[in-house]
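Structure file data_2.cif (mmCIF, C-alpha atoms) follows.
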```cif
data_my_file
loop_
_atom_site.label_atom_id
_atom_site.label_comp_id
_atom_site.auth_asym_id
_atom_site.auth_seq_id
_atom_site.Cartn_x
_atom_site.Cartn_y
_atom_site.Cartn_z
CA MET X 9 55.00 57.03 -37.50
CA THR X 10 54.29 60.77 -37.46
CA ILE X 11 56.48 62.80 -39.78
CA ALA X 12 57.52 66.39 -40.38
CA LEU X 13 59.14 67.51 -43.61
CA VAL X 14 62.26 69.65 -43.20
CA PHE X 15 64.08 71.63 -45.87
CA PRO X 16 67.82 72.41 -45.92
CA GLY X 17 69.54 75.79 -46.04
CA GLN X 18 72.67 77.24 -47.55
CA GLY X 19 75.75 75.06 -47.43
CA SER X 20 73.93 72.09 -48.95
CA GLN X 21 74.74 73.18 -52.52
CA ALA X 22 76.98 71.00 -54.70
CA VAL X 23 77.71 70.84 -58.42
CA GLY X 24 75.57 68.08 -59.92
CA MET X 25 72.68 68.43 -57.48
CA GLY X 26 69.34 67.71 -59.10
CA VAL X 27 70.86 66.21 -62.25
CA ASP X 28 69.84 62.61 -61.51
CA LEU X 29 66.34 63.79 -60.53
CA ALA X 30 65.96 65.63 -63.85
CA GLY X 31 67.22 62.56 -65.71
CA SER X 32 64.78 60.23 -63.96
CA PHE X 33 61.60 62.31 -63.65
CA SER X 34 60.07 64.69 -66.20
CA VAL X 35 58.31 66.61 -63.41
CA ALA X 36 61.69 67.36 -61.80
CA ARG X 37 63.07 68.55 -65.13
CA GLU X 38 60.01 70.79 -65.58
CA THR X 39 60.53 72.21 -62.08
CA PHE X 40 64.09 73.30 -62.90
CA GLU X 41 62.91 74.76 -66.22
CA GLU X 42 60.20 76.73 -64.41
CA VAL X 43 62.75 78.20 -61.99
CA ASP X 44 65.05 79.13 -64.89
CA GLU X 45 62.15 80.84 -66.66
CA SER X 46 61.04 82.77 -63.58
CA LEU X 47 64.58 84.01 -62.87
CA LYS X 48 65.49 84.56 -66.55
CA GLN X 49 68.68 82.65 -65.75
CA ASN X 50 70.10 79.25 -66.69
CA LEU X 51 70.40 78.21 -63.05
CA PHE X 52 70.07 74.49 -63.75
CA LYS X 53 73.09 74.60 -66.08
CA LEU X 54 75.05 76.20 -63.23
CA MET X 55 73.80 73.51 -60.83
CA SER X 56 74.77 70.80 -63.32
CA GLU X 57 78.17 72.05 -64.44
CA GLY X 58 79.35 74.65 -61.94
CA PRO X 59 81.69 76.29 -61.24
CA ILE X 60 81.05 75.79 -57.53
CA GLU X 61 82.30 79.33 -56.77
CA THR X 62 79.44 80.80 -58.84
CA LEU X 63 76.88 78.33 -57.53
CA THR X 64 77.86 79.20 -53.96
CA LEU X 65 77.14 82.92 -54.47
CA THR X 66 74.22 83.57 -52.15
CA GLU X 67 71.90 84.84 -54.90
CA ASN X 68 72.42 81.56 -56.82
CA ALA X 69 72.70 79.06 -53.97
CA GLN X 70 69.42 80.06 -52.34
CA PRO X 71 67.07 79.52 -55.32
CA ALA X 72 69.12 76.49 -56.43
CA ILE X 73 68.72 74.68 -53.11
CA MET X 74 65.01 75.51 -53.07
CA SER X 75 64.56 74.18 -56.62
CA VAL X 76 65.96 70.77 -55.69
CA SER X 77 63.67 70.55 -52.67
CA LEU X 78 60.60 71.47 -54.72
CA ALA X 79 61.55 69.10 -57.53
CA ILE X 80 61.64 66.27 -54.97
CA MET X 81 58.28 67.34 -53.52
CA ARG X 82 56.66 67.31 -56.95
CA VAL X 83 58.10 63.88 -57.71
CA LEU X 84 56.74 62.53 -54.41
CA GLU X 85 53.31 64.02 -55.09
CA ARG X 86 52.89 63.33 -58.79
CA GLU X 87 54.83 60.11 -59.21
CA GLY X 88 54.31 58.62 -55.74
CA GLY X 89 50.86 59.87 -54.79
CA PHE X 90 52.24 61.52 -51.64
CA GLU X 91 49.79 63.96 -50.05
CA ILE X 92 51.39 66.35 -47.62
CA THR X 93 48.15 67.08 -45.75
CA ASP X 94 47.67 63.38 -45.01
CA LYS X 95 51.25 62.46 -44.23
CA ALA X 96 52.99 65.43 -42.55
CA LEU X 97 52.11 67.08 -39.26
CA PHE X 98 54.47 70.05 -39.78
CA VAL X 99 57.00 71.53 -42.16
CA ALA X 100 60.12 73.49 -41.21
CA GLY X 101 63.13 74.84 -43.06
CA HIS X 102 66.60 75.95 -42.02
CA SER X 103 66.97 79.63 -42.95
CA LEU X 104 66.26 79.79 -46.72
CA GLY X 105 64.64 76.37 -46.27
CA GLU X 106 61.62 78.17 -44.81
CA TYR X 107 60.85 79.44 -48.30
CA SER X 108 61.13 75.90 -49.69
CA ALA X 109 58.82 74.66 -46.93
CA LEU X 110 56.28 77.40 -47.63
CA ALA X 111 56.31 76.65 -51.36
CA ALA X 112 55.80 72.96 -50.57
CA VAL X 113 52.65 73.75 -48.58
CA GLY X 114 51.17 76.21 -51.05
CA SER X 115 51.94 79.56 -49.40
CA PHE X 116 54.19 80.57 -52.31
CA THR X 117 54.19 79.45 -55.92
CA LEU X 118 57.47 77.99 -57.18
CA SER X 119 58.08 81.15 -59.20
CA GLU X 120 57.42 83.39 -56.18
CA ALA X 121 59.78 81.36 -53.99
CA ALA X 122 62.54 81.52 -56.63
CA GLN X 123 62.20 85.27 -57.07
CA LEU X 124 62.00 85.94 -53.33
CA LEU X 125 65.15 83.91 -52.72
CA LYS X 126 67.00 85.64 -55.55
CA THR X 127 66.07 88.97 -53.92
CA ARG X 128 66.98 87.65 -50.46
CA GLY X 129 70.36 86.37 -51.63
CA LYS X 130 71.27 89.64 -53.35
CA ALA X 131 70.06 91.74 -50.43
CA MET X 132 72.00 89.69 -47.87
CA GLN X 133 75.15 89.91 -49.98
CA GLU X 134 74.83 93.66 -50.48
CA ALA X 135 73.94 94.45 -46.83
CA VAL X 136 77.56 94.26 -45.66
CA PRO X 137 80.74 94.95 -47.69
CA VAL X 138 82.75 91.78 -48.33
CA GLY X 139 85.27 91.19 -45.54
CA GLU X 140 83.52 93.30 -42.90
CA GLY X 141 81.42 90.46 -41.52
CA GLY X 142 82.15 86.92 -40.42
CA MET X 143 80.68 83.77 -38.90
CA ALA X 144 82.10 80.93 -36.82
CA ALA X 145 80.84 77.52 -35.74
CA LEU X 146 81.22 76.73 -32.05
CA LEU X 147 81.53 73.00 -31.45
CA GLY X 148 80.93 71.79 -27.93
CA ALA X 149 78.99 74.94 -27.06
CA ASN X 150 75.33 75.25 -26.12
CA LEU X 151 73.32 78.44 -26.63
CA ASP X 152 74.01 79.86 -23.14
CA LEU X 153 77.74 79.47 -23.62
CA ALA X 154 77.57 80.99 -27.11
CA ILE X 155 75.71 84.03 -25.74
CA LYS X 156 78.32 84.55 -23.00
CA LEU X 157 81.20 84.25 -25.49
CA SER X 158 79.49 86.65 -27.92
CA GLU X 159 78.98 89.24 -25.19
CA ALA X 160 82.63 88.99 -24.14
CA ALA X 161 83.91 89.30 -27.71
CA SER X 162 81.62 92.05 -28.99
CA GLU X 163 83.40 95.13 -27.54
CA GLY X 164 80.70 97.36 -28.98
CA GLU X 165 80.51 95.51 -32.28
CA VAL X 166 77.96 92.96 -33.49
CA CYS X 167 78.57 89.40 -32.29
CA SER X 168 75.60 87.12 -31.60
CA PRO X 169 74.30 83.57 -32.08
CA ALA X 170 72.95 83.08 -35.62
CA ASN X 171 72.02 79.38 -35.64
CA ASP X 172 71.20 77.30 -32.56
CA ASN X 173 71.72 74.03 -34.42
CA ALA X 174 72.13 71.47 -31.63
CA ASP X 175 73.07 71.14 -27.95
CA ASP X 176 76.73 71.14 -28.96
CA GLN X 177 76.74 73.31 -32.10
CA VAL X 178 75.96 77.02 -32.32
CA VAL X 179 76.99 79.38 -35.12
CA ILE X 180 77.79 83.01 -34.29
CA SER X 181 77.73 85.99 -36.65
CA GLY X 182 78.81 89.63 -36.68
CA ASN X 183 81.67 92.01 -37.41
CA ALA X 184 84.73 90.14 -38.66
CA SER X 185 86.94 91.56 -35.89
CA ALA X 186 84.43 90.52 -33.19
CA ILE X 187 84.19 87.01 -34.64
CA ASP X 188 88.00 86.80 -34.63
CA ARG X 189 88.00 87.77 -30.95
CA ALA X 190 85.34 85.16 -30.21
CA VAL X 191 87.38 82.43 -31.91
CA ALA X 192 90.44 83.43 -29.87
CA LEU X 193 88.46 83.57 -26.60
CA ALA X 194 86.57 80.30 -27.10
CA PRO X 195 89.03 78.05 -25.18
CA GLU X 196 88.67 80.28 -22.10
CA PHE X 197 84.94 79.48 -22.14
CA GLY X 198 85.53 75.74 -22.33
CA ILE X 199 84.45 75.54 -25.96
CA LYS X 200 86.02 72.59 -27.74
CA ARG X 201 86.50 74.21 -31.15
CA ALA X 202 85.66 77.51 -32.81
CA ILE X 203 85.88 77.30 -36.59
CA PRO X 204 85.72 80.45 -38.76
CA LEU X 205 83.34 79.81 -41.66
CA THR X 206 83.97 80.78 -45.27
CA VAL X 207 80.89 82.90 -45.89
CA SER X 208 80.17 85.89 -48.11
CA ALA X 209 78.25 87.79 -45.41
CA PRO X 210 77.36 87.63 -41.69
CA PHE X 211 73.91 86.04 -41.90
CA HIS X 212 71.24 86.19 -39.18
CA CYS X 213 72.60 89.13 -37.20
CA ALA X 214 71.85 92.84 -36.81
CA MET X 215 74.18 93.70 -39.71
CA MET X 216 71.57 92.21 -42.06
CA ALA X 217 69.05 95.00 -41.32
CA PRO X 218 69.14 96.40 -44.90
CA ALA X 219 68.29 92.93 -46.22
CA ALA X 220 65.34 92.70 -43.82
CA VAL X 221 63.96 95.93 -45.29
CA ALA X 222 64.36 94.52 -48.81
CA MET X 223 62.48 91.36 -47.85
CA GLN X 224 59.69 93.33 -46.20
CA GLU X 225 59.19 95.20 -49.47
CA ALA X 226 59.36 92.03 -51.58
CA LEU X 227 56.94 90.07 -49.40
CA ALA X 228 54.45 92.96 -49.39
CA LYS X 229 54.00 92.43 -53.14
CA ILE X 230 53.02 88.76 -52.76
CA ASP X 231 49.64 87.30 -51.90
CA VAL X 232 50.75 84.68 -49.38
CA ALA X 233 48.30 81.80 -48.91
CA PRO X 234 47.78 79.98 -45.59
CA PRO X 235 50.01 76.87 -45.55
CA LEU X 236 48.25 73.53 -45.97
CA VAL X 237 50.34 72.24 -43.05
CA PRO X 238 51.63 74.44 -40.17
CA LEU X 239 55.16 75.83 -40.45
CA VAL X 240 57.39 75.67 -37.37
CA ALA X 241 59.07 79.05 -37.72
CA ASN X 242 62.81 79.63 -37.31
CA ILE X 243 62.38 82.81 -35.31
CA THR X 244 59.99 81.41 -32.66
CA ALA X 245 60.29 77.60 -32.94
CA LYS X 246 56.47 77.59 -32.82
CA PRO X 247 53.84 76.52 -35.38
CA VAL X 248 52.27 79.26 -37.51
CA GLN X 249 49.64 79.33 -40.27
CA GLU X 250 48.53 82.98 -40.52
CA PRO X 251 49.99 84.59 -43.70
CA ASP X 252 50.57 88.02 -42.13
CA ILE X 253 52.46 86.49 -39.21
CA ILE X 254 54.48 84.27 -41.57
CA CYS X 255 55.56 87.32 -43.59
CA ARG X 256 56.50 89.25 -40.46
CA GLN X 257 58.54 86.33 -39.17
CA LEU X 258 60.33 85.88 -42.51
CA VAL X 259 61.46 89.50 -42.23
CA GLN X 260 62.56 89.02 -38.61
CA GLN X 261 64.40 85.85 -39.59
CA VAL X 262 66.89 87.82 -41.73
CA THR X 263 68.43 89.44 -38.65
CA GLY X 264 67.28 86.90 -36.06
CA MET X 265 68.58 83.57 -34.85
CA VAL X 266 67.53 80.29 -36.45
CA ARG X 267 66.13 78.31 -33.51
CA TRP X 268 66.63 74.93 -35.16
CA ARG X 269 67.27 72.87 -32.01
CA GLU X 270 64.14 74.27 -30.37
CA SER X 271 62.12 73.75 -33.57
CA VAL X 272 62.99 70.05 -33.66
CA LEU X 273 62.16 69.61 -29.97
CA GLN X 274 58.87 71.49 -30.47
CA MET X 275 57.90 69.11 -33.28
CA LYS X 276 58.77 66.14 -31.08
CA GLU X 277 56.64 67.55 -28.27
CA GLU X 278 53.73 67.85 -30.73
CA GLY X 279 54.02 64.16 -31.62
CA VAL X 280 56.52 63.98 -34.50
CA ASP X 281 58.85 60.98 -34.32
CA LYS X 282 60.48 61.18 -37.77
CA LEU X 283 62.01 64.05 -39.75
CA VAL X 284 62.15 63.67 -43.52
CA GLU X 285 64.77 65.95 -45.09
CA ILE X 286 63.71 67.06 -48.57
CA GLY X 287 66.61 68.37 -50.65
CA ALA X 288 70.32 68.39 -51.31
CA GLY X 289 72.66 66.93 -48.71
CA LYS X 290 72.01 65.37 -45.30
CA VAL X 291 72.83 68.26 -42.98
CA LEU X 292 69.54 68.32 -41.07
CA GLY X 293 69.52 64.56 -40.55
CA GLY X 294 73.01 64.86 -39.09
CA LEU X 295 71.91 67.62 -36.73
CA LEU X 296 68.95 65.54 -35.55
CA ARG X 297 71.31 62.89 -34.18
CA ARG X 298 72.88 65.63 -32.04
CA ILE X 299 69.51 67.01 -30.88
CA ASP X 300 67.42 63.93 -30.09
CA LYS X 301 68.43 60.31 -30.50
CA GLU X 302 64.86 59.00 -30.09
CA MET X 303 63.60 60.59 -33.31
CA SER X 304 64.51 59.04 -36.65
CA ALA X 305 65.50 60.76 -39.88
CA ALA X 306 65.32 60.10 -43.60
CA SER X 307 67.00 62.18 -46.31
CA ILE X 308 65.64 62.40 -49.85
CA SER X 309 68.06 63.95 -52.32
CA ASP X 310 68.02 61.60 -55.33
CA PRO X 311 65.84 59.02 -57.13
CA LYS X 312 66.96 56.21 -54.81
CA GLY X 313 65.94 58.27 -51.79
CA VAL X 314 62.54 58.95 -53.37
CA GLU X 315 61.94 55.24 -53.96
CA LYS X 316 63.10 54.23 -50.49
CA PHE X 317 60.87 56.81 -48.81
CA LEU X 318 57.75 55.93 -50.80
CA LEU X 319 58.24 52.24 -49.98
CA SER X 320 58.47 53.10 -46.27
CA LEU X 321 55.02 54.73 -46.16
#
```

For this file, write the structure as structure tokens.
Amino acid sequence: MTIALVFPGQGSQAVGMGVDLAGSFSVARETFEEVDESLKQNLFKLMSEGPIETLTLTENAQPAIMSVSLAIMRVLEREGGFEITDKALFVAGHSLGEYSALAAVGSFTLSEAAQLLKTRGKAMQEAVPVGEGGMAALLGANLDLAIKLSEAASEGEVCSPANDNADDQVVISGNASAIDRAVALAPEFGIKRAIPLTVSAPFHCAMMAPAAVAMQEALAKIDVAPPLVPLVANITAKPVQEPDIICRQLVQQVTGMVRWRESVLQMKEEGVDKLVEIGAGKVLGGLLRRIDKEMSAASISDPKGVEKFLLSL
């Protein structure tokens, strides 16, 4: 069994996430306290009690999702003796999950990852006035079809693939009016369903350019260490370990497409046969079943998942 660790992105947040981890493991509780201290915010209280509307705000959801992933990593390492350099061939993360992955392999400290994601969340929210951007999930569409639909719907506005999630699921992003046109045109392109998403901003498209500038400035202030295990980057779907390239790709990722399907297939080609999802929810495990049925998946989001995974090693 050759594994890669993968880290979820936005949309995995839920009120109550991390609570059972904090109740079962002191190291998890300390992780949440460290994030709270670095952000000067009681984020764990928000994660524990809600409201979900506040937790879902991008500037809160991003560091919150990362904190659960890193709490699980620390439990695996300190309670279970898990060593990432011995057990994992690669790490990868979906959008903000790249920051979780990089913290897990020592490129960022926990505090740096939390602060970067707070900055990223705020910058992405502020890049486009609320209501001017939109996103939609295309079910039954591959990337080629999504590109053709986006081109037909754009009419001079921004409309482009944001997440290539699986052979039959691509998310598009851009001006709200262009996304509306794409949803209306989808049946003409043989796309089974086009579902407008409830999002606060149009992520991973050209409209996020101001946020990319903000992240370039924020990353320039950090001394990024080479990852202990190669990262398969969203923007290229290729392994990377050089800190300067990682930073450049994190900036590009803000406006670029998340090549998740290609990333999974790249890891398989390099010898990975199992993806282990570290964090809230089971989104990435679900996508794997739509990308490659030969690879297996495990999801670790709570104490039971931790125990089951450690026993499987």

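The shortest atom-to-atom distance to X:Pro218, with only C-alpha atoms taken into account, belongs to X:Val262 out of X:Leu318, X:Leu51, X:Val262, X:Arg201.
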
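The environment of X:Gly141 within 6 Å, counting all atoms listed in the file and disregarding residues fewer than 5 places along the same chain, consists of X:Gly182, X:Asn183, X:Ala184, X:Ala209, X:Pro210.
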
Okay, now the selection with C-alpha atoms, as a tab-separated table (two decimals), in the coordinates of the input?
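Result written to selection-v4.tsv:
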```tsv
chain	number	residue	atom	x	y	z
X	182	GLY	CA	78.81	89.63	-36.68
X	183	ASN	CA	81.67	92.01	-37.41
X	184	ALA	CA	84.73	90.14	-38.66
X	209	ALA	CA	78.25	87.79	-45.41
X	210	PRO	CA	77.36	87.63	-41.69
```

>> Residues within 12 Å of X:Glu159, please, as a list in words. Count only C-alpha atoms; anything in the same chain fewer than 3 positions from it doesn't count.
In response: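 Answer for this query is Asp152, Leu153, Ala154, Ile155, Lys156, Ser162, Glu163, Gly164, Glu165, Val166, Cys167, Ser168, Pro169, Ile180, Ser181, Gly182, Ala186, Ile187, Arg189, Ala190, Leu193, Ala194 and Phe197 of chain X.
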
I need the residues from that last selection saved to file as a PDB file, in the coordinates of the input (with C-alpha atoms), if you can.
```
ATOM      1  CA  ASP X 152      74.010  79.860 -23.140  1.00  0.00           C
ATOM      2  CA  LEU X 153      77.740  79.470 -23.620  1.00  0.00           C
ATOM      3  CA  ALA X 154      77.570  80.990 -27.110  1.00  0.00           C
ATOM      4  CA  ILE X 155      75.710  84.030 -25.740  1.00  0.00           C
ATOM      5  CA  LYS X 156      78.320  84.550 -23.000  1.00  0.00           C
ATOM      6  CA  SER X 162      81.620  92.050 -28.990  1.00  0.00           C
ATOM      7  CA  GLU X 163      83.400  95.130 -27.540  1.00  0.00           C
ATOM      8  CA  GLY X 164      80.700  97.360 -28.980  1.00  0.00           C
ATOM      9  CA  GLU X 165      80.510  95.510 -32.280  1.00  0.00           C
ATOM     10  CA  VAL X 166      77.960  92.960 -33.490  1.00  0.00           C
ATOM     11  CA  CYS X 167      78.570  89.400 -32.290  1.00  0.00           C
ATOM     12  CA  SER X 168      75.600  87.120 -31.600  1.00  0.00           C
ATOM     13  CA  PRO X 169      74.300  83.570 -32.080  1.00  0.00           C
ATOM     14  CA  ILE X 180      77.790  83.010 -34.290  1.00  0.00           C
ATOM     15  CA  SER X 181      77.730  85.990 -36.650  1.00  0.00           C
ATOM     16  CA  GLY X 182      78.810  89.630 -36.680  1.00  0.00           C
ATOM     17  CA  ALA X 186      84.430  90.520 -33.190  1.00  0.00           C
ATOM     18  CA  ILE X 187      84.190  87.010 -34.640  1.00  0.00           C
ATOM     19  CA  ARG X 189      88.000  87.770 -30.950  1.00  0.00           C
ATOM     20  CA  ALA X 190      85.340  85.160 -30.210  1.00  0.00           C
ATOM     21  CA  LEU X 193      88.460  83.570 -26.600  1.00  0.00           C
ATOM     22  CA  ALA X 194      86.570  80.300 -27.100  1.00  0.00           C
ATOM     23  CA  PHE X 197      84.940  79.480 -22.140  1.00  0.00           C
TER      24      PHE X 197
END
```

> Which one of X:Val314, X:Ala160, X:Val240, X:Leu321 sits closest to X:Ala79 if you count only C-alpha atoms?
Replying inline: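 Going through X:Val314, X:Ala160, X:Val240, X:Leu321 one by one, the smallest distance to X:Ala79 is for X:Val314.
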
> Between X:Arg37, X:Lys282, X:Arg298, X:Lys246, which one has atoms that come closest to X:Asp176, using only C-alpha atoms?
Replying inline: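 Of X:Arg37, X:Lys282, X:Arg298, X:Lys246, the one nearest X:Asp176, counting only C-alpha atoms, is X:Arg298.
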
>> Using the chain letters and numbers from this file, what does the PyMOL selection byres ((chain X and resi 91) around 12) select? Give the answer as a PyMOL selection string.
In response: chain X and resi 13+81-90+92-97+112-113+236-237+318+321

> Applied to the shown file, which residues does the PyMOL selection byres ((chain X and resi 63-70) around 9) return, written as a ChimeraX atom specification?
Replying inline: /X:17-23,51,54-55,58-62,71-75,104-105,122,125-133,208-209

> What is the distance, in Å and to one decimal place, between atom CA of X:Gly26 and atom CA of X:Glu42?
Replying inline: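 So the answer is 13.9 Å.
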
Which residues, named as in the file, does the PyMOL selection byres ((chain X and resi 305) around 8) pick out? Answer as a JSON list (two decimals) with C-alpha atoms, in the coordinates of the input.
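Contents of the output file part-v4.json:
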```json
[["chain", "number", "residue", "atom", "x", "y", "z"],
["X", 282, "LYS", "CA", 60.48, 61.18, -37.77],
["X", 283, "LEU", "CA", 62.01, 64.05, -39.75],
["X", 284, "VAL", "CA", 62.15, 63.67, -43.52],
["X", 285, "GLU", "CA", 64.77, 65.95, -45.09],
["X", 293, "GLY", "CA", 69.52, 64.56, -40.55],
["X", 296, "LEU", "CA", 68.95, 65.54, -35.55],
["X", 303, "MET", "CA", 63.60, 60.59, -33.31],
["X", 304, "SER", "CA", 64.51, 59.04, -36.65],
["X", 306, "ALA", "CA", 65.32, 60.10, -43.60],
["X", 307, "SER", "CA", 67.00, 62.18, -46.31]]
```

> Pick the closest to X:Leu47 from X:Met25, X:Glu120, X:Gly114, X:Phe98: which is it, counting all atoms listed in the file?
Replying inline: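 Closest residue, counting all atoms listed in the file: X:Glu120.
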
>> With distances taken over only C-alpha atoms, which residue among X:Cys213, X:Val76, X:Ala174, X:Leu239 lies nearest X:Leu273?
In response: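 For X:Leu273, the nearest of the candidates is X:Ala174.
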
Where is the centre and how long are the edges: axis-aligned box on stretch 245-258 of chain X, 3 Å on each side, Å to one decimal, as JSON:
```
{"center_x": 54.4, "center_y": 82.9, "center_z": -38.3, "size_x": 17.8, "size_y": 18.7, "size_z": 16.9}
```

> How far is it from atom CA of X:Val14 to atom CA of X:Val136, in Å with one decimal?
Replying inline: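 So the two atoms, atom CA of X:Val14 and atom CA of X:Val136, lie 29.1 Å apart.
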
>> Please compute the atom CA of X:Ser185-atom CA of X:Leu146 distance, one decimal, in Å.
In response: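 If I compute the distance from atom CA of X:Ser185 to atom CA of X:Leu146, I get 16.4 Å.
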
>> List the spatial neighbours of X:Val272 as a list of chain:residue names - criterion: any atom at most 8 Å away, all atoms listed in the file, same-chain residues fewer than 4 positions off excluded.
In response: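 Here the answer would be X:Trp268, X:Lys276, X:Leu296, X:Ile299.
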
With a distance cut-off of 9 Å and all atoms listed in the file, select the neighbouring residues of X:Pro235, excluding the residue or stretch itself and same-chain residues fewer than 6 positions from it, and output the selection as a tab-separated table (two decimals) with C-alpha atoms, keeping the file's coordinate frame.
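Contents of part-v7.tsv, as written:
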```
chain	number	residue	atom	x	y	z
X	110	LEU	CA	56.28	77.40	-47.63
X	111	ALA	CA	56.31	76.65	-51.36
X	112	ALA	CA	55.80	72.96	-50.57
X	113	VAL	CA	52.65	73.75	-48.58
X	114	GLY	CA	51.17	76.21	-51.05
X	115	SER	CA	51.94	79.56	-49.40
X	116	PHE	CA	54.19	80.57	-52.31
X	248	VAL	CA	52.27	79.26	-37.51
X	249	GLN	CA	49.64	79.33	-40.27
X	250	GLU	CA	48.53	82.98	-40.52
X	251	PRO	CA	49.99	84.59	-43.70
```
